[in-house]
$ cat coords16.json   # JSON, C-alpha atoms
[["chain", "number", "residue", "atom", "x", "y", "z"],
["Y", 26, "MET", "CA", -147.94, -150.42, 364.21],
["Y", 27, "LYS", "CA", -150.81, -152.31, 362.56],
["Y", 28, "PRO", "CA", -154.12, -151.31, 364.20],
["Y", 29, "ARG", "CA", -156.86, -153.92, 364.45],
["Y", 30, "ILE", "CA", -160.56, -153.13, 364.68],
["Y", 31, "GLU", "CA", -162.64, -155.44, 366.87],
["Y", 32, "VAL", "CA", -166.38, -155.47, 367.48],
["Y", 33, "VAL", "CA", -167.39, -154.73, 371.08],
["Y", 34, "ALA", "CA", -171.11, -154.05, 370.59],
["Y", 35, "VAL", "CA", -173.50, -153.12, 367.83],
["Y", 36, "ASP", "CA", -172.45, -149.46, 368.22],
["Y", 37, "CYS", "CA", -168.93, -149.92, 369.65],
["Y", 38, "LEU", "CA", -165.64, -150.77, 367.99],
["Y", 39, "MET", "CA", -162.32, -151.42, 369.69],
["Y", 40, "VAL", "CA", -159.19, -150.09, 368.00],
["Y", 41, "ARG", "CA", -156.21, -152.16, 369.14],
["Y", 42, "LEU", "CA", -153.00, -150.24, 368.51],
["Y", 43, "PHE", "CA", -150.50, -152.26, 370.57],
["Y", 44, "GLU", "CA", -150.06, -155.67, 372.18],
["Y", 45, "VAL", "CA", -147.60, -154.69, 374.91],
["Y", 46, "ILE", "CA", -148.08, -152.16, 377.72],
["Y", 47, "THR", "CA", -145.38, -149.49, 377.78],
["Y", 48, "GLU", "CA", -145.11, -145.76, 378.43],
["Y", 49, "ASP", "CA", -143.95, -145.37, 374.81],
["Y", 50, "ASN", "CA", -147.50, -146.12, 373.64],
["Y", 51, "MET", "CA", -148.97, -142.93, 375.05],
["Y", 52, "PRO", "CA", -147.89, -140.39, 372.37],
["Y", 53, "TRP", "CA", -149.50, -142.67, 369.76],
["Y", 54, "MET", "CA", -152.63, -143.13, 371.87],
["Y", 55, "LEU", "CA", -153.00, -139.36, 372.29],
["Y", 56, "ALA", "CA", -152.50, -138.77, 368.57],
["Y", 57, "ALA", "CA", -155.08, -141.44, 367.70],
["Y", 58, "THR", "CA", -157.54, -140.01, 370.22],
["Y", 59, "GLU", "CA", -157.28, -136.56, 368.66],
["Y", 60, "ARG", "CA", -157.70, -137.93, 365.13],
["Y", 61, "LEU", "CA", -160.71, -140.08, 366.06],
["Y", 62, "ARG", "CA", -162.50, -137.25, 367.88],
["Y", 63, "ALA", "CA", -162.04, -135.02, 364.87],
["Y", 64, "GLY", "CA", -163.03, -137.74, 362.40],
["Y", 65, "PHE", "CA", -166.26, -138.77, 364.14],
["Y", 66, "GLY", "CA", -167.22, -135.27, 365.25],
["Y", 67, "ARG", "CA", -170.74, -135.00, 366.65],
["Y", 68, "HIS", "CA", -171.40, -138.67, 365.84],
["Y", 69, "LEU", "CA", -168.98, -139.77, 368.57],
["Y", 70, "ILE", "CA", -170.74, -140.71, 371.81],
["Y", 71, "ASP", "CA", -167.68, -141.73, 373.79],
["Y", 72, "LEU", "CA", -164.03, -142.55, 373.30],
["Y", 73, "VAL", "CA", -162.37, -144.66, 376.00],
["Y", 74, "PRO", "CA", -158.58, -145.00, 375.90],
["Y", 75, "SER", "CA", -156.77, -147.80, 377.70],
["Y", 76, "TYR", "CA", -153.24, -149.23, 377.83],
["Y", 77, "THR", "CA", -153.19, -150.47, 374.22],
["Y", 78, "THR", "CA", -156.70, -149.83, 372.88],
["Y", 79, "LEU", "CA", -159.29, -147.15, 372.14],
["Y", 80, "MET", "CA", -162.98, -148.00, 372.40],
["Y", 81, "VAL", "CA", -165.09, -145.98, 369.97],
["Y", 82, "HIS", "CA", -168.78, -145.63, 370.86],
["Y", 83, "TYR", "CA", -170.60, -143.97, 367.98],
["Y", 84, "ASP", "CA", -174.14, -142.89, 367.08],
["Y", 85, "LEU", "CA", -175.67, -145.85, 365.26],
["Y", 86, "SER", "CA", -178.54, -143.68, 364.01],
["Y", 87, "ALA", "CA", -176.03, -141.56, 362.09],
["Y", 88, "LEU", "CA", -173.40, -144.09, 361.01],
["Y", 89, "THR", "CA", -173.47, -147.68, 359.87],
["Y", 90, "PRO", "CA", -170.80, -150.05, 361.24],
["Y", 91, "SER", "CA", -169.03, -150.02, 357.88],
["Y", 92, "GLN", "CA", -169.00, -146.21, 357.83],
["Y", 93, "ALA", "CA", -167.58, -146.20, 361.36],
["Y", 94, "ARG", "CA", -164.82, -148.56, 360.26],
["Y", 95, "GLU", "CA", -164.04, -146.28, 357.31],
["Y", 96, "LEU", "CA", -163.78, -143.25, 359.61],
["Y", 97, "ILE", "CA", -161.39, -145.13, 361.88],
["Y", 98, "ALA", "CA", -159.23, -146.20, 358.96],
["Y", 99, "GLU", "CA", -159.12, -142.63, 357.64],
["Y", 100, "ALA", "CA", -158.28, -141.21, 361.06],
["Y", 101, "LEU", "CA", -155.35, -143.59, 361.55],
["Y", 102, "THR", "CA", -153.90, -143.19, 358.05],
["Y", 103, "ASP", "CA", -150.39, -141.72, 358.31],
["Y", 104, "LEU", "CA", -150.78, -141.37, 362.07],
["Y", 105, "ALA", "CA", -147.76, -139.69, 363.61],
["Y", 106, "ALA", "CA", -146.98, -139.51, 367.30],
["Y", 107, "ASN", "CA", -145.72, -136.33, 368.91],
["Y", 108, "PRO", "CA", -143.11, -137.41, 371.49],
["Y", 109, "GLN", "CA", -143.56, -134.06, 373.24],
["Y", 110, "ALA", "CA", -147.32, -134.49, 373.62],
["Y", 111, "ARG", "CA", -148.34, -135.05, 377.20],
["Y", 112, "GLY", "CA", -151.11, -134.19, 379.56],
["Y", 113, "GLN", "CA", -150.99, -132.41, 382.87],
["Y", 114, "CYS", "CA", -148.53, -133.43, 385.58],
["Y", 115, "HIS", "CA", -150.17, -133.92, 388.99],
["Y", 116, "VAL", "CA", -148.28, -134.01, 392.28],
["Y", 117, "LEU", "CA", -150.18, -136.06, 394.86],
["Y", 118, "PRO", "CA", -149.09, -135.67, 398.48],
["Y", 119, "VAL", "CA", -149.04, -139.04, 400.27],
["Y", 120, "TRP", "CA", -148.73, -139.97, 403.91],
["Y", 121, "TYR", "CA", -146.86, -143.28, 403.80],
["Y", 122, "ASP", "CA", -147.55, -145.04, 407.10],
["Y", 123, "LEU", "CA", -148.34, -148.58, 408.25],
["Y", 124, "SER", "CA", -151.70, -147.53, 409.70],
["Y", 125, "VAL", "CA", -152.95, -146.50, 406.25],
["Y", 126, "GLY", "CA", -150.49, -148.53, 404.20],
["Y", 127, "PRO", "CA", -150.53, -151.97, 405.82],
["Y", 128, "GLU", "CA", -148.65, -153.65, 402.95],
["Y", 129, "LEU", "CA", -145.55, -151.47, 403.36],
["Y", 130, "ASN", "CA", -143.92, -154.23, 405.41],
["Y", 131, "LEU", "CA", -144.93, -156.89, 402.87],
["Y", 132, "LEU", "CA", -143.38, -154.93, 399.99],
["Y", 133, "SER", "CA", -140.29, -154.35, 402.09],
["Y", 134, "GLN", "CA", -139.91, -158.07, 402.73],
["Y", 135, "ARG", "CA", -140.58, -159.04, 399.10],
["Y", 136, "SER", "CA", -138.11, -156.52, 397.70],
["Y", 137, "GLY", "CA", -135.38, -156.78, 400.33],
["Y", 138, "LEU", "CA", -135.62, -153.03, 400.79],
["Y", 139, "THR", "CA", -136.31, -151.12, 403.97],
["Y", 140, "VAL", "CA", -139.71, -149.48, 404.35],
["Y", 141, "ASP", "CA", -138.07, -146.07, 403.87],
["Y", 142, "GLN", "CA", -136.47, -147.31, 400.63],
["Y", 143, "VAL", "CA", -139.84, -148.59, 399.37],
["Y", 144, "ILE", "CA", -141.36, -145.17, 400.06],
["Y", 145, "ARG", "CA", -138.48, -143.34, 398.40],
["Y", 146, "ARG", "CA", -138.51, -145.51, 395.30],
["Y", 147, "HIS", "CA", -142.28, -145.25, 394.88],
["Y", 148, "SER", "CA", -142.25, -141.48, 395.26],
["Y", 149, "GLU", "CA", -139.20, -140.66, 393.14],
["Y", 150, "ARG", "CA", -140.69, -141.86, 389.85],
["Y", 151, "GLU", "CA", -143.17, -140.09, 387.55],
["Y", 152, "TYR", "CA", -146.03, -142.32, 386.44],
["Y", 153, "GLN", "CA", -148.08, -142.35, 383.27],
["Y", 154, "VAL", "CA", -151.88, -142.41, 383.57],
["Y", 155, "PHE", "CA", -152.90, -145.18, 381.17],
["Y", 156, "ALA", "CA", -156.63, -145.50, 381.76],
["Y", 157, "LEU", "CA", -159.59, -144.75, 384.04],
["Y", 158, "GLY", "CA", -161.84, -147.50, 385.34],
["Y", 159, "PHE", "CA", -162.96, -149.79, 388.16],
["Y", 160, "ALA", "CA", -164.44, -146.80, 390.06],
["Y", 161, "PRO", "CA", -165.14, -143.17, 389.05],
["Y", 162, "GLY", "CA", -161.83, -141.34, 388.96],
["Y", 163, "PHE", "CA", -159.71, -144.47, 389.53],
["Y", 164, "ALA", "CA", -156.58, -143.92, 387.42],
["Y", 165, "PHE", "CA", -154.39, -146.88, 386.47],
["Y", 166, "MET", "CA", -150.78, -145.69, 386.47],
["Y", 167, "GLY", "CA", -147.41, -147.21, 385.79],
["Y", 168, "LEU", "CA", -145.03, -148.57, 385.59],
["Y", 169, "VAL", "CA", -143.57, -149.09, 389.06],
["Y", 170, "GLU", "CA", -140.09, -150.53, 389.13],
["Y", 171, "GLU", "CA", -139.96, -154.31, 389.19],
["Y", 172, "ALA", "CA", -138.59, -154.44, 392.74],
["Y", 173, "LEU", "CA", -141.86, -152.94, 394.03],
["Y", 174, "ALA", "CA", -144.20, -155.05, 391.91],
["Y", 175, "ALA", "CA", -146.53, -157.29, 393.91],
["Y", 176, "PRO", "CA", -149.59, -159.41, 393.06],
["Y", 177, "ARG", "CA", -153.04, -158.38, 394.24],
["Y", 178, "LEU", "CA", -154.12, -159.65, 397.64],
["Y", 179, "SER", "CA", -155.54, -163.17, 397.54],
["Y", 180, "THR", "CA", -158.56, -161.91, 399.50],
["Y", 181, "PRO", "CA", -159.67, -158.37, 398.57],
["Y", 182, "ARG", "CA", -160.73, -156.02, 401.33],
["Y", 183, "LYS", "CA", -164.41, -155.16, 401.57],
["Y", 184, "ARG", "CA", -163.66, -151.49, 402.26],
["Y", 185, "VAL", "CA", -160.62, -149.49, 401.22],
["Y", 186, "ALA", "CA", -160.43, -145.88, 402.39],
["Y", 187, "ALA", "CA", -160.74, -143.09, 399.84],
["Y", 188, "GLY", "CA", -157.30, -141.75, 398.92],
["Y", 189, "SER", "CA", -155.55, -145.06, 399.61],
["Y", 190, "VAL", "CA", -152.47, -145.48, 397.42],
["Y", 191, "GLY", "CA", -151.63, -149.00, 396.32],
["Y", 192, "ILE", "CA", -149.63, -151.25, 394.03],
["Y", 193, "ALA", "CA", -150.80, -154.24, 391.98],
["Y", 194, "GLU", "CA", -148.25, -155.97, 389.77],
["Y", 195, "ARG", "CA", -146.41, -153.04, 388.12],
["Y", 196, "GLN", "CA", -149.35, -150.66, 388.38],
["Y", 197, "THR", "CA", -150.02, -148.05, 391.03],
["Y", 198, "ALA", "CA", -153.20, -146.12, 391.80],
["Y", 199, "ALA", "CA", -155.11, -144.14, 394.41],
["Y", 200, "TYR", "CA", -158.66, -145.05, 395.37],
["Y", 201, "PRO", "CA", -160.94, -142.04, 394.69],
["Y", 202, "VAL", "CA", -163.81, -143.29, 396.88],
["Y", 203, "VAL", "CA", -164.41, -145.91, 399.56],
["Y", 204, "SER", "CA", -164.70, -149.23, 397.73],
["Y", 205, "PRO", "CA", -163.67, -152.88, 397.81],
["Y", 206, "GLY", "CA", -160.16, -153.53, 396.60],
["Y", 207, "GLY", "CA", -157.27, -155.96, 396.54],
["Y", 208, "TRP", "CA", -154.28, -153.72, 395.90],
["Y", 209, "ASN", "CA", -151.30, -153.57, 398.26],
["Y", 210, "LEU", "CA", -151.83, -150.39, 400.27],
["Y", 211, "ILE", "CA", -148.78, -148.27, 401.06],
["Y", 212, "GLY", "CA", -150.17, -144.85, 401.97],
["Y", 213, "ARG", "CA", -152.98, -142.35, 401.59],
["Y", 214, "THR", "CA", -153.42, -139.04, 399.78],
["Y", 215, "PRO", "CA", -155.66, -136.19, 400.96],
["Y", 216, "SER", "CA", -156.23, -135.09, 397.34],
["Y", 217, "LYS", "CA", -159.80, -135.19, 396.01],
["Y", 218, "LEU", "CA", -159.54, -137.51, 393.03],
["Y", 219, "PHE", "CA", -163.20, -137.51, 391.95],
["Y", 220, "ASP", "CA", -165.49, -134.49, 392.02],
["Y", 221, "ARG", "CA", -168.89, -134.21, 390.33],
["Y", 222, "GLU", "CA", -168.38, -130.44, 390.09],
["Y", 223, "ARG", "CA", -165.11, -130.84, 388.19],
["Y", 224, "ASP", "CA", -165.07, -130.81, 384.39],
["Y", 225, "GLY", "CA", -164.53, -134.46, 383.48],
["Y", 226, "TYR", "CA", -165.12, -135.47, 387.13],
["Y", 227, "SER", "CA", -161.72, -137.15, 387.51],
["Y", 228, "LEU", "CA", -158.64, -135.22, 388.64],
["Y", 229, "MET", "CA", -156.54, -137.26, 386.22],
["Y", 230, "GLN", "CA", -157.04, -138.23, 382.59],
["Y", 231, "PRO", "CA", -155.23, -140.71, 380.32],
["Y", 232, "GLY", "CA", -152.08, -139.04, 379.06],
["Y", 233, "ASP", "CA", -151.48, -137.18, 382.32],
["Y", 234, "THR", "CA", -148.56, -138.00, 384.58],
["Y", 235, "VAL", "CA", -148.42, -138.29, 388.35],
["Y", 236, "ARG", "CA", -145.70, -137.92, 390.94],
["Y", 237, "PHE", "CA", -146.28, -138.91, 394.56],
["Y", 238, "GLU", "CA", -144.76, -136.66, 397.21],
["Y", 239, "ALA", "CA", -144.17, -138.02, 400.70],
["Y", 240, "ILE", "CA", -145.58, -135.83, 403.49],
["Y", 241, "ASN", "CA", -145.77, -136.22, 407.27],
["Y", 242, "HIS", "CA", -148.88, -136.82, 409.34],
["Y", 243, "ALA", "CA", -149.31, -133.18, 410.36],
["Y", 244, "GLU", "CA", -149.27, -132.03, 406.73],
["Y", 245, "PHE", "CA", -151.66, -134.82, 405.78],
["Y", 246, "ILE", "CA", -154.17, -133.64, 408.39],
["Y", 247, "ARG", "CA", -153.67, -129.98, 407.43],
["Y", 248, "LEU", "CA", -154.58, -130.88, 403.83],
["Y", 249, "GLY", "CA", -157.81, -132.52, 404.98],
["Y", 250, "GLY", "CA", -156.72, -136.15, 405.06],
["Y", 251, "ASP", "CA", -158.60, -138.83, 406.98],
["Y", 252, "ASP", "CA", -156.17, -140.83, 409.15],
["Y", 253, "THR", "CA", -158.62, -143.55, 410.16],
["Y", 254, "PRO", "CA", -156.50, -146.72, 410.21],
["Y", 255, "GLN", "CA", -157.28, -149.10, 407.36],
["Y", 256, "GLU", "CA", -157.77, -151.97, 409.80],
["Y", 257, "ASN", "CA", -160.74, -150.08, 411.30],
["Y", 258, "LEU", "CA", -162.45, -150.06, 407.90],
["Y", 259, "ALA", "CA", -161.91, -153.65, 406.85]]

$ encode --input "coords16.json" --output "structure tokens"
Amino acid sequence: MKPRIEVVAVDCLMVRLFEVITEDNMPWMLAATERLRAGFGRHLIDLVPSYTTLMVHYDLSALTPSQARELIAEALTDLAANPQARGQCHVLPVWYDLSVGPELNLLSQRSGLTVDQVIRRHSEREYQVFALGFAPGFAFMGLVEEALAAPRLSTPRKRVAAGSVGIAERQTAAYPVVSPGGWNLIGRTPSKLFDRERDGYSLMQPGDTVRFEAINHAEFIRLGGDDTPQENLA
């Protein structure tokens, strides 16, 4: 691993640790995050991890760009990953149904699997949370198996229901709030993914893992889910 430091803004530097997205990156990303937080201390304004990079936003009134670069270099010297390091594991109940997951049939046709097989394969794997973005609490997760991978919709929807679970390429995610979106929808979770009263706001953080658990309609409603068909929102 040969980290590169790139300029993002006058007070932001991007630390590029990897070139390829893989679950194996995460122990290194977590170790680097811990080192950088400790190295910058109170002069760190924000640290944003992603699939292969860490964006360091620092206090320009306290550090010069060259000093920030030196702190990054020091923090990453002799960096060692802990393979056992991992965040919290979240189990998200999901009602997989065509009314809230209109692309279930499309994924079935693309993969040659039945709809039930698509659901089973999506819900039997544990996914790594790589990054947060797009919308508050929106967690990019992966990697779905190649048979379920599908490109984004050519025309994004104007409104996607909160809790909608989707797939784009080999990523999967759940929409925390009503928003536009072009992911292939396959179900909906009743879980509250973004909460202003929660520490950190988002239910999930980079380094966490997620497993989707298939539930029936009655359980979905009991847990507070909204079963408004997606077609009524578009």

$ residues_around --input "coords16.json" --residues "Y:Gln230" --least-positions-apart "4" --cutoff "9 Å" --atoms "all atoms listed in the file" --output "mmCIF file with C-alpha atoms, in the frame of the given file"
data_model
loop_
_atom_site.group_PDB
_atom_site.id
_atom_site.type_symbol
_atom_site.label_atom_id
_atom_site.label_comp_id
_atom_site.auth_asym_id
_atom_site.auth_seq_id
_atom_site.Cartn_x
_atom_site.Cartn_y
_atom_site.Cartn_z
ATOM 1 C CA GLY Y 112 -151.110 -134.190 379.560
ATOM 2 C CA GLN Y 113 -150.990 -132.410 382.870
ATOM 3 C CA VAL Y 154 -151.880 -142.410 383.570
ATOM 4 C CA PHE Y 155 -152.900 -145.180 381.170
ATOM 5 C CA ALA Y 156 -156.630 -145.500 381.760
ATOM 6 C CA LEU Y 157 -159.590 -144.750 384.040
ATOM 7 C CA GLY Y 162 -161.830 -141.340 388.960
ATOM 8 C CA ALA Y 164 -156.580 -143.920 387.420
ATOM 9 C CA GLY Y 225 -164.530 -134.460 383.480
ATOM 10 C CA THR Y 234 -148.560 -138.000 384.580
#

$ closest_residue --input "coords16.json" --among "Y:Glu244, Y:Ser133, Y:Ile144, Y:Ile46" --to "Y:Arg195" --atoms "only C-alpha atoms"
Y:Ile46

$ residues_around --input "coords16.json" --residues "stretch 86-94 of chain Y" --least-positions-apart "5" --cutoff "10 Å" --atoms "only C-alpha atoms" --output "list in words"
Ile30, Glu31, Val32, Val35, Asp36, Cys37, Leu38, Val40, Gly64, Phe65, Arg67, His68, Leu69, Val81, Glu99 and Ala100 of chain Y

$ closest_residue --input "coords16.json" --among "Y:Phe237, Y:Tyr83, Y:Trp208, Y:Trp53" --to "Y:Arg150" --atoms "all atoms listed in the file"
Y:Phe237

$ closest_residue --input "coords16.json" --among "Y:Leu218, Y:Ile70, Y:Ala186, Y:Leu61" --to "Y:Leu104" --atoms "all atoms listed in the file"
Y:Leu61

$ atom_distance --input "coords16.json" --atom1 "atom CA of Y:Ile246" --atom2 "atom CA of Y:Ser148"
19.4 Å

$ residues_near_point --input "coords16.json" --point "(-157.2, -151.6, 369.7)" --cutoff "12 Å" --atoms "all atoms listed in the file" --output "number ranges by chain"
Y: 26-33, 37-45, 50, 53-54, 57-58, 72-81, 97, 101

$ atom_distance --input "coords16.json" --atom1 "atom CA of Y:Glu128" --atom2 "atom CA of Y:Pro161"
24.0 Å

$ atom_distance --input "coords16.json" --atom1 "atom CA of Y:Arg145" --atom2 "atom CA of Y:Thr47"
22.6 Å

$ residues_near_point --input "coords16.json" --point "(-156.0, -138.5, 403.2)" --cutoff "12 Å" --atoms "all atoms listed in the file" --output "ChimeraX atom specification"
/Y:117-122,124-126,186-190,199-203,212-218,240-255
